[in-house]
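**Student:** Input structure: data27.cif, which contains mmCIF, C-alpha atoms.
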data_target
#
loop_
_atom_site.group_PDB
_atom_site.id
_atom_site.type_symbol
_atom_site.label_atom_id
_atom_site.label_comp_id
_atom_site.auth_asym_id
_atom_site.auth_seq_id
_atom_site.Cartn_x
_atom_site.Cartn_y
_atom_site.Cartn_z
ATOM 1 C CA MET V 1 116.262 116.552 82.532
ATOM 2 C CA GLY V 2 116.491 113.028 81.157
ATOM 3 C CA ASP V 3 117.342 111.069 78.043
ATOM 4 C CA ASP V 4 115.015 109.010 75.847
ATOM 5 C CA GLY V 5 112.069 109.606 78.149
ATOM 6 C CA ILE V 6 113.814 108.051 81.161
ATOM 7 C CA ILE V 7 113.178 109.973 84.332
ATOM 8 C CA LYS V 8 116.201 111.427 86.121
ATOM 9 C CA GLU V 9 116.422 109.829 89.566
ATOM 10 C CA VAL V 10 118.129 111.468 92.544
ATOM 11 C CA LEU V 11 118.934 109.711 95.820
ATOM 12 C CA LEU V 12 118.705 111.471 99.166
ATOM 13 C CA ASP V 13 121.090 110.573 101.980
ATOM 14 C CA TYR V 14 121.487 113.704 104.076
ATOM 15 C CA ASN V 15 120.596 114.741 107.582
ATOM 16 C CA ASP V 16 118.940 118.105 107.017
ATOM 17 C CA ILE V 17 116.263 116.740 104.717
ATOM 18 C CA ILE V 18 114.250 119.803 103.709
ATOM 19 C CA GLU V 19 117.292 121.976 103.076
ATOM 20 C CA LYS V 20 119.020 119.297 101.035
ATOM 21 C CA ILE V 21 115.929 118.638 98.923
ATOM 22 C CA SER V 22 115.832 122.357 98.142
ATOM 23 C CA ASP V 23 119.535 122.197 97.257
ATOM 24 C CA ILE V 24 118.890 119.322 94.843
ATOM 25 C CA VAL V 25 116.125 121.284 93.125
ATOM 26 C CA ASP V 26 118.315 124.397 92.922
ATOM 27 C CA LYS V 27 121.241 122.411 91.569
ATOM 28 C CA ASN V 28 119.181 120.931 88.762
ATOM 29 C CA TYR V 29 117.572 124.216 87.766
ATOM 30 C CA LYS V 30 120.022 126.939 88.840
ATOM 31 C CA ASN V 31 121.781 127.085 85.469
ATOM 32 C CA SER V 32 118.522 127.808 83.724
ATOM 33 C CA HIS V 33 117.242 131.365 83.589
ATOM 34 C CA PHE V 34 113.973 130.015 82.279
ATOM 35 C CA VAL V 35 112.798 127.774 85.139
ATOM 36 C CA LYS V 36 111.735 129.432 88.382
ATOM 37 C CA PRO V 37 109.945 128.488 91.583
ATOM 38 C CA LEU V 38 106.316 129.539 91.309
ATOM 39 C CA LYS V 39 105.569 132.056 94.061
ATOM 40 C CA TYR V 40 101.950 132.237 93.051
ATOM 41 C CA ASP V 41 99.497 134.451 94.880
ATOM 42 C CA GLY V 42 96.511 133.107 92.984
ATOM 43 C CA SER V 43 96.432 135.741 90.251
ATOM 44 C CA TYR V 44 97.371 135.173 86.623
ATOM 45 C CA SER V 45 99.015 138.598 86.502
ATOM 46 C CA ASN V 46 102.169 137.345 88.226
ATOM 47 C CA LEU V 47 102.725 134.559 85.687
ATOM 48 C CA VAL V 48 105.191 135.324 82.904
ATOM 49 C CA GLU V 49 103.850 133.929 79.639
ATOM 50 C CA ASN V 50 105.683 130.798 78.444
ATOM 51 C CA MET V 51 107.889 130.784 81.554
ATOM 52 C CA PRO V 52 108.461 127.283 82.976
ATOM 53 C CA TYR V 53 107.910 127.072 86.723
ATOM 54 C CA ILE V 54 108.654 124.323 89.208
ATOM 55 C CA PHE V 55 105.866 121.944 90.192
ATOM 56 C CA TYR V 56 105.989 119.052 92.659
ATOM 57 C CA ARG V 57 104.173 115.798 93.318
ATOM 58 C CA GLY V 58 104.650 113.331 96.180
ATOM 59 C CA HIS V 59 104.078 109.556 96.223
ATOM 60 C CA SER V 60 104.281 107.658 99.486
ATOM 61 C CA ASN V 61 105.416 104.613 97.502
ATOM 62 C CA TYR V 62 108.421 105.046 95.203
ATOM 63 C CA THR V 63 107.254 102.331 92.789
ATOM 64 C CA TRP V 64 104.002 104.071 91.804
ATOM 65 C CA PHE V 65 103.745 105.441 88.278
ATOM 66 C CA LEU V 66 102.585 108.839 87.119
ATOM 67 C CA GLU V 67 99.123 108.108 85.797
ATOM 68 C CA PRO V 68 95.636 109.580 86.191
ATOM 69 C CA SER V 69 93.355 107.880 88.680
ATOM 70 C CA ILE V 70 90.810 106.910 86.019
ATOM 71 C CA ASN V 71 93.428 104.743 84.279
ATOM 72 C CA ARG V 72 94.055 102.671 87.387
ATOM 73 C CA ASN V 73 90.791 100.783 86.886
ATOM 74 C CA ARG V 74 90.386 99.502 83.340
ATOM 75 C CA THR V 75 86.799 98.292 83.756
ATOM 76 C CA ASN V 76 84.230 100.230 81.689
ATOM 77 C CA HIS V 77 86.961 102.785 81.091
ATOM 78 C CA SER V 78 85.442 104.713 78.202
ATOM 79 C CA ARG V 79 82.002 105.162 79.756
ATOM 80 C CA LYS V 80 83.240 105.931 83.233
ATOM 81 C CA GLU V 81 84.547 109.441 82.516
ATOM 82 C CA ILE V 82 81.245 110.682 81.087
ATOM 83 C CA LYS V 83 79.234 109.140 83.918
ATOM 84 C CA ILE V 84 81.451 110.623 86.627
ATOM 85 C CA LEU V 85 81.483 114.129 85.166
ATOM 86 C CA LYS V 86 77.732 114.148 84.594
ATOM 87 C CA GLU V 87 77.160 113.149 88.221
ATOM 88 C CA VAL V 88 79.459 115.941 89.421
ATOM 89 C CA LYS V 89 77.694 118.423 87.135
ATOM 90 C CA GLU V 90 74.289 117.385 88.514
ATOM 91 C CA GLU V 91 75.549 117.852 92.064
ATOM 92 C CA ASN V 92 77.050 121.259 91.196
ATOM 93 C CA PHE V 93 74.688 122.518 88.490
ATOM 94 C CA ASN V 94 75.888 126.137 88.763
ATOM 95 C CA LEU V 95 79.497 125.121 88.133
ATOM 96 C CA ASN V 96 80.975 126.090 84.776
ATOM 97 C CA TYR V 97 81.727 123.050 82.605
ATOM 98 C CA LYS V 98 85.456 123.917 82.457
ATOM 99 C CA ASP V 99 85.721 123.459 86.245
ATOM 100 C CA ILE V 100 84.082 120.018 86.332
ATOM 101 C CA ILE V 101 87.229 117.876 86.050
ATOM 102 C CA ALA V 102 88.935 119.863 88.815
ATOM 103 C CA MET V 103 85.896 119.544 91.082
ATOM 104 C CA ALA V 104 85.639 115.804 90.419
ATOM 105 C CA GLN V 105 89.350 115.354 91.108
ATOM 106 C CA HIS V 106 89.209 117.090 94.465
ATOM 107 C CA ASN V 107 86.093 115.210 95.478
ATOM 108 C CA GLY V 108 88.036 111.971 95.159
ATOM 109 C CA LYS V 109 86.525 110.879 91.834
ATOM 110 C CA PRO V 110 88.653 109.097 89.207
ATOM 111 C CA THR V 111 89.543 111.613 86.486
ATOM 112 C CA ARG V 112 92.065 112.278 83.721
ATOM 113 C CA ALA V 113 93.861 114.789 85.979
ATOM 114 C CA ILE V 114 97.022 114.274 88.056
ATOM 115 C CA ASP V 115 97.558 116.465 91.119
ATOM 116 C CA PHE V 116 100.671 118.621 91.317
ATOM 117 C CA THR V 117 101.472 121.520 93.638
ATOM 118 C CA TYR V 118 103.775 124.517 93.589
ATOM 119 C CA ASP V 119 104.402 124.117 97.348
ATOM 120 C CA LEU V 120 107.305 121.763 98.141
ATOM 121 C CA LYS V 121 106.038 121.018 101.641
ATOM 122 C CA VAL V 122 102.624 119.917 100.352
ATOM 123 C CA ALA V 123 104.305 117.450 97.993
ATOM 124 C CA LEU V 124 106.527 116.166 100.819
ATOM 125 C CA PHE V 125 103.433 115.472 102.897
ATOM 126 C CA PHE V 126 102.117 113.147 100.189
ATOM 127 C CA ALA V 127 105.578 111.581 99.815
ATOM 128 C CA CYS V 128 105.529 110.622 103.500
ATOM 129 C CA TYR V 129 101.892 110.049 104.433
ATOM 130 C CA ASP V 130 99.661 107.106 103.502
ATOM 131 C CA LEU V 131 96.168 108.579 103.214
ATOM 132 C CA LYS V 132 94.439 105.193 103.132
ATOM 133 C CA GLU V 133 96.114 104.047 106.334
ATOM 134 C CA GLY V 134 95.929 107.499 107.937
ATOM 135 C CA LYS V 135 99.565 107.497 109.045
ATOM 136 C CA ILE V 136 103.155 107.998 107.935
ATOM 137 C CA ASP V 137 104.185 105.221 105.553
ATOM 138 C CA GLU V 138 107.366 103.805 107.090
ATOM 139 C CA GLU V 139 107.243 100.571 105.099
ATOM 140 C CA ASN V 140 107.977 102.036 101.663
ATOM 141 C CA ASP V 141 110.402 104.573 100.256
ATOM 142 C CA GLY V 142 108.585 107.607 98.924
ATOM 143 C CA ALA V 143 109.093 109.719 95.806
ATOM 144 C CA LEU V 144 109.161 113.441 95.161
ATOM 145 C CA TYR V 145 108.647 114.466 91.533
ATOM 146 C CA VAL V 146 110.012 117.861 90.521
ATOM 147 C CA CYS V 147 108.953 119.200 87.143
ATOM 148 C CA GLY V 148 109.780 122.380 85.218
ATOM 149 C CA TYR V 149 106.754 123.282 83.094
ATOM 150 C CA SER V 150 105.117 126.268 81.368
ATOM 151 C CA PRO V 151 101.565 126.083 82.731
ATOM 152 C CA HIS V 152 98.283 126.900 81.063
ATOM 153 C CA CYS V 153 95.590 128.836 82.941
ATOM 154 C CA GLU V 154 92.104 127.484 83.488
ATOM 155 C CA ASN V 155 90.609 130.122 81.180
ATOM 156 C CA PHE V 156 92.843 129.097 78.237
ATOM 157 C CA ILE V 157 91.131 127.521 75.246
ATOM 158 C CA SER V 158 93.071 124.297 75.927
ATOM 159 C CA SER V 159 91.311 123.886 79.283
ATOM 160 C CA LYS V 160 87.917 124.587 77.739
ATOM 161 C CA ILE V 161 88.468 122.080 74.952
ATOM 162 C CA ILE V 162 89.671 119.220 77.156
ATOM 163 C CA ASN V 163 86.826 119.666 79.642
ATOM 164 C CA TRP V 164 84.240 119.842 76.866
ATOM 165 C CA LEU V 165 85.752 116.841 75.079
ATOM 166 C CA ALA V 166 85.369 114.790 78.266
ATOM 167 C CA PHE V 167 81.571 115.146 77.952
ATOM 168 C CA TYR V 168 81.444 113.703 74.426
ATOM 169 C CA GLU V 169 78.967 110.809 74.367
ATOM 170 C CA ASN V 170 80.749 108.441 71.965
ATOM 171 C CA ASP V 171 84.025 106.551 72.092
ATOM 172 C CA ILE V 172 85.389 107.743 68.754
ATOM 173 C CA MET V 173 85.228 110.818 66.518
ATOM 174 C CA ASP V 174 86.794 112.098 63.314
ATOM 175 C CA LYS V 175 87.766 115.700 62.596
ATOM 176 C CA ASN V 176 84.317 116.620 61.303
ATOM 177 C CA GLN V 177 82.624 115.267 64.407
ATOM 178 C CA LEU V 178 85.236 116.992 66.570
ATOM 179 C CA SER V 179 84.617 120.328 64.865
ATOM 180 C CA GLU V 180 80.838 119.993 65.048
ATOM 181 C CA TYR V 181 80.926 119.041 68.712
ATOM 182 C CA MET V 182 83.366 121.784 69.734
ATOM 183 C CA MET V 183 81.369 124.450 67.905
ATOM 184 C CA SER V 184 78.266 123.380 69.851
ATOM 185 C CA ASN V 185 79.899 125.099 72.840
ATOM 186 C CA SER V 186 79.240 128.826 72.640
ATOM 187 C CA GLU V 187 82.476 129.868 74.388
ATOM 188 C CA ILE V 188 84.655 127.729 72.152
ATOM 189 C CA LYS V 189 82.753 128.739 69.026
ATOM 190 C CA LYS V 190 83.156 132.442 69.782
ATOM 191 C CA TYR V 191 86.895 132.021 70.383
ATOM 192 C CA TYR V 192 87.433 130.478 66.956
ATOM 193 C CA GLU V 193 85.015 132.803 65.197
ATOM 194 C CA ASP V 194 87.053 135.740 66.480
ATOM 195 C CA LYS V 195 90.251 134.122 65.192
ATOM 196 C CA GLY V 196 88.803 133.295 61.782
ATOM 197 C CA ASN V 197 89.445 130.068 59.846
ATOM 198 C CA MET V 198 87.746 128.200 62.674
ATOM 199 C CA ILE V 199 88.299 124.547 61.845
ATOM 200 C CA ASP V 200 91.959 124.825 60.872
ATOM 201 C CA ASN V 201 92.784 126.739 64.053
ATOM 202 C CA LEU V 202 90.860 124.262 66.178
ATOM 203 C CA LEU V 203 92.727 121.294 64.685
ATOM 204 C CA LEU V 204 96.051 123.102 65.093
ATOM 205 C CA ASP V 205 95.330 123.669 68.797
ATOM 206 C CA VAL V 206 94.200 120.081 69.327
ATOM 207 C CA ASN V 207 97.323 118.728 67.613
ATOM 208 C CA SER V 208 99.567 120.855 69.809
ATOM 209 C CA TYR V 209 98.486 119.478 73.185
ATOM 210 C CA LEU V 210 95.758 116.833 73.111
ATOM 211 C CA LYS V 211 98.116 113.887 72.744
ATOM 212 C CA TYR V 212 100.497 115.095 75.447
ATOM 213 C CA GLY V 213 98.332 116.904 77.977
ATOM 214 C CA PHE V 214 99.261 120.060 79.886
ATOM 215 C CA MET V 215 99.554 121.604 83.354
ATOM 216 C CA ILE V 216 96.870 123.994 84.629
ATOM 217 C CA VAL V 217 97.081 126.654 87.334
ATOM 218 C CA TYR V 218 94.012 128.366 88.754
ATOM 219 C CA ASP V 219 92.960 131.851 89.742
ATOM 220 C CA LYS V 220 92.068 131.555 93.421
ATOM 221 C CA GLU V 221 89.271 134.107 93.091
ATOM 222 C CA LYS V 222 87.582 131.885 90.522
ATOM 223 C CA ILE V 223 87.885 128.621 92.445
ATOM 224 C CA LYS V 224 86.603 129.657 95.865
ATOM 225 C CA HIS V 225 84.251 126.668 95.597
ATOM 226 C CA ASN V 226 87.254 124.289 95.507
ATOM 227 C CA GLU V 227 88.721 124.479 99.010
ATOM 228 C CA LYS V 228 91.131 121.568 98.552
ATOM 229 C CA LEU V 229 92.713 123.062 95.452
ATOM 230 C CA ILE V 230 93.394 126.302 97.336
ATOM 231 C CA LYS V 231 94.699 124.674 100.524
ATOM 232 C CA GLN V 232 97.005 122.358 98.590
ATOM 233 C CA SER V 233 98.406 125.156 96.371
ATOM 234 C CA GLY V 234 97.185 122.831 93.695
ATOM 235 C CA SER V 235 97.672 122.584 89.991
ATOM 236 C CA LEU V 236 96.435 119.799 87.733
ATOM 237 C CA PHE V 237 98.084 118.001 84.881
ATOM 238 C CA TYR V 238 95.304 117.203 82.385
ATOM 239 C CA CYS V 239 96.137 114.031 80.463
ATOM 240 C CA GLY V 240 95.207 114.058 76.796
ATOM 241 C CA SER V 241 93.316 111.557 74.659
ATOM 242 C CA TYR V 242 94.567 109.052 72.145
ATOM 243 C CA PHE V 243 94.300 110.287 68.571
ATOM 244 C CA TYR V 244 95.725 109.449 65.207
ATOM 245 C CA VAL V 245 96.555 111.624 62.208
ATOM 246 C CA GLY V 246 98.059 110.329 58.967
ATOM 247 C CA ASN V 247 97.915 107.647 56.340
ATOM 248 C CA LYS V 248 99.313 104.693 58.258
ATOM 249 C CA LYS V 249 97.030 101.817 59.116
ATOM 250 C CA ILE V 250 95.041 102.623 62.220
ATOM 251 C CA LYS V 251 95.875 100.388 65.139
ATOM 252 C CA LYS V 252 92.799 99.021 66.827
ATOM 253 C CA ASN V 253 92.676 99.941 70.476
ATOM 254 C CA LYS V 254 91.993 97.052 72.857
ATOM 255 C CA ARG V 255 89.978 99.272 75.198
ATOM 256 C CA ILE V 256 87.524 100.300 72.474
ATOM 257 C CA LYS V 257 85.227 97.503 71.351
ATOM 258 C CA LYS V 258 82.993 97.057 68.289
ATOM 259 C CA ILE V 259 84.321 99.961 66.232
ATOM 260 C CA ASN V 260 84.123 99.712 62.458
ATOM 261 C CA TYR V 261 87.231 101.663 61.502
ATOM 262 C CA ALA V 262 86.519 101.123 57.803
ATOM 263 C CA SER V 263 83.389 103.256 58.113
ATOM 264 C CA ILE V 264 85.364 106.301 59.245
ATOM 265 C CA GLU V 265 86.232 108.477 56.270
ATOM 266 C CA SER V 266 88.683 110.830 57.955
ATOM 267 C CA LYS V 267 92.227 109.835 58.887
ATOM 268 C CA TYR V 268 91.994 112.208 61.851
ATOM 269 C CA ILE V 269 90.634 109.937 64.553
ATOM 270 C CA ILE V 270 90.191 110.654 68.258
ATOM 271 C CA HIS V 271 89.233 108.365 71.124
ATOM 272 C CA PRO V 272 88.031 111.032 73.584
ATOM 273 C CA HIS V 273 87.935 108.749 76.628
ATOM 274 C CA ASN V 274 91.031 106.689 75.922
ATOM 275 C CA ILE V 275 93.229 108.744 78.228
ATOM 276 C CA VAL V 276 96.974 108.751 77.645
ATOM 277 C CA ASN V 277 99.381 108.301 80.559
ATOM 278 C CA PRO V 278 101.934 111.144 80.440
ATOM 279 C CA SER V 279 105.032 108.975 80.016
ATOM 280 C CA TRP V 280 106.750 111.781 78.117
ATOM 281 C CA ILE V 281 106.727 113.923 81.284
ATOM 282 C CA ASN V 282 109.389 111.612 82.728
ATOM 283 C CA SER V 283 112.005 113.349 80.604
ATOM 284 C CA MET V 284 111.025 116.661 82.237
ATOM 285 C CA CYS V 285 111.088 115.459 85.847
ATOM 286 C CA ILE V 286 113.557 114.820 88.605
ATOM 287 C CA LYS V 287 112.509 111.934 90.845
ATOM 288 C CA ILE V 288 113.949 112.162 94.339
ATOM 289 C CA LYS V 289 113.793 109.045 96.475
ATOM 290 C CA ILE V 290 112.558 109.731 100.012
ATOM 291 C CA PRO V 291 113.989 106.914 102.173
ATOM 292 C CA LYS V 292 111.385 105.474 104.522
ATOM 293 C CA GLU V 293 113.654 106.043 107.534
ATOM 294 C CA PHE V 294 113.587 109.824 106.837
ATOM 295 C CA LYS V 295 109.829 110.183 106.645
ATOM 296 C CA LYS V 296 109.159 110.904 110.313
ATOM 297 C CA GLU V 297 111.792 113.629 110.342
ATOM 298 C CA ILE V 298 110.456 115.208 107.164
ATOM 299 C CA TYR V 299 106.905 115.089 108.474
ATOM 300 C CA SER V 300 107.973 116.837 111.688
ATOM 301 C CA GLN V 301 109.633 119.627 109.685
ATOM 302 C CA ILE V 302 106.953 120.492 107.127
ATOM 303 C CA ASN V 303 104.102 121.430 109.504
ATOM 304 C CA VAL V 304 101.487 120.143 107.035
ATOM 305 C CA THR V 305 98.600 117.899 108.079
ATOM 306 C CA LYS V 306 95.563 116.248 106.518
ATOM 307 C CA GLU V 307 93.381 118.888 108.110
ATOM 308 C CA SER V 308 95.431 121.810 106.792
ATOM 309 C CA LEU V 309 95.110 120.354 103.277
ATOM 310 C CA GLY V 310 91.346 119.889 103.546
ATOM 311 C CA LEU V 311 91.571 116.085 103.466
#
Translate the structure described by the file into structure tokens.

**Tutor:**
Amino acid sequence: MGDDGIIKEVLLDYNDIIEKISDIVDKNYKNSHFVKPLKYDGSYSNLVENMPYIFYRGHSNYTWFLEPSINRNRTNHSRKEIKILKEVKEENFNLNYKDIIAMAQHNGKPTRAIDFTYDLKVALFFACYDLKEGKIDEENDGALYVCGYSPHCENFISSKIINWLAFYENDIMDKNQLSEYMMSNSEIKKYYEDKGNMIDNLLLDVNSYLKYGFMIVYDKEKIKHNEKLIKQSGSLFYCGSYFYVGNKKIKKNKRIKKINYASIESKYIIHPHNIVNPSWINSMCIKIKIPKEFKKEIYSQINVTKESLGL
């Protein structure tokens, strides 16, 4: 969808806005038999394994970047994630740990997740409406991101690992600390015990997605407690953490202070709370500019409101 990580931009200059946006999406994906709109009824059974589906995200301001909310405030970055998730866990003590990031996200807390949706009209609402001002944003062009992606499900081991990792108390870990910490979770431990060769399989899984992140879809029966996620036909892109594997000199990270890298024996080093912006996703997205003069017309067509989205 793009070259060298540069997002493919599409301009919109038609009269029948909704229909033409759908045409643009179809045009960019129609030649692929492997990317489909996600007509998701909330059950994993209607997802084809490894099939990319179409996800959307709307920005009321075209200049905004794709980044998780927790990265927008750099102050006390590494300690903030743990503090936020612990507070959410205390407020929802019966909630499974793997649902904590999603609950925090939809309670307006800064997290490592980025909201997407498989409903075009929901994304168009966010492309037109300024939530802070409580009105249609007619001062700025908006943006509609369209992304073809093979999603994970919330019960996948990837989701369990990234949620559990977010609770890690320290700012840095090597592969031995990672293994020890992950195996302290009974669900994760059982998964790798059943697979055999626990540590190697764990590291293989972490290498495959931790640096890049991944999209999650949810079973509606299992997230009845998360009204916003259901109403917004929501999915979440979980951003990964910075880590380093290899023999090259480790680059000190400016966000992480007072770390003695020389004391770390392993060359497999993870900063659990140094969350990576998903710049690579730009090469997988179409970015459609929503001209500010079209926003009122789009808003009148989509029949989506703050109230209908649980906002």

**Student:** Using all atoms listed in the file, determine which residues lie at most 9 Å from V:Ala123, disregarding the query and same-chain residues fewer than 5 positions distant; provide the list as a PyMOL selection string.

**Tutor:** chain V and resi 56-59+116-118+128+144-145+232

**Student:** Considering only C-alpha atoms, state which residue in the set V:Glu138, V:Lys80, V:Asn28, V:Lys132 is at the smallest distance from V:Lys292.

**Tutor:**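 Checking each candidate against V:Lys292, we get V:Glu138 as the closest.
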
**Student:** Once the PyMOL selection byres ((chain V and resi 102) around 10) is applied to the coordinates I shared, what remains selected? I want it as a PyMOL selection string.

**Tutor:** chain V and resi 98-101+103-107+109+111-115+154+163+216+218+223+226+229+235-236+238

**Student:** Using the chain letters and numbers from the file, give me the residues hit by the PyMOL selection byres ((chain V and resi 202-204) around 12), as a PyMOL selection string.

**Tutor:** chain V and resi 157-158+160-161+174-183+188-193+195-201+205-210+243+245+268-270

**Student:** What does the PyMOL selection byres ((chain V and resi 299) around 10) select in this file, as a ChimeraX atom specification?

**Tutor:** /V:18,121,124-129,136,294-298,300-305

**Student:** Pick the closest to V:Ile84 from V:Pro68, V:Lys222, V:Glu187, V:Gly108: which is it, counting all atoms listed in the file?

**Tutor:** V:Gly108

**Student:** Just how far from atom CA of V:Pro52 is atom CA of V:Ile24, in Å to one decimal?

**Tutor:**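 Spanning atom CA of V:Ile24 to atom CA of V:Pro52 is a straight-line distance of 17.7 Å.
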
**Student:** Just give me the gap between atom CA of V:Lys289 and atom CA of V:Ser60 in Å, one decimal is fine.

**Tutor:**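 Straight-line distance from atom CA of V:Lys289 to atom CA of V:Ser60 works out to 10.1 Å.
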
**Student:** Have a look at atom CA of V:Pro151 and atom CA of V:Phe237 and let me know their distance in Å, one decimal.

**Tutor:**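 Between atom CA of V:Pro151 and atom CA of V:Phe237 the gap works out to 9.1 Å.
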
**Student:** For a quick check of understanding, using all atoms listed in the file, which of V:Ile230, V:Met215, V:Ile162, V:Ile288 has the smallest distance to V:Ser22?

**Tutor:** V:Ile288

**Student:** For each of V:Ile290, V:Val88, V:Ile172, V:Leu311, take the minimum atom-to-atom distance to V:Asn274, counting only C-alpha atoms, then give the residue where this is smallest.

**Tutor:**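 Selected residue with least distance to V:Asn274: V:Ile172.
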
**Student:** Smallest atom-to-atom distance to V:Tyr53: which of V:Ile21, V:Cys147, V:Leu309, V:Cys285, using all atoms listed in the file?

**Tutor:**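 Closest to V:Tyr53 of all the choices is V:Cys147.
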
**Student:** Go through V:Asp130, V:Ser233, V:Glu307, V:Ile286 and flag the residue nearest V:Asp26, using all atoms listed in the file for the distances.

**Tutor:** V:Ile286
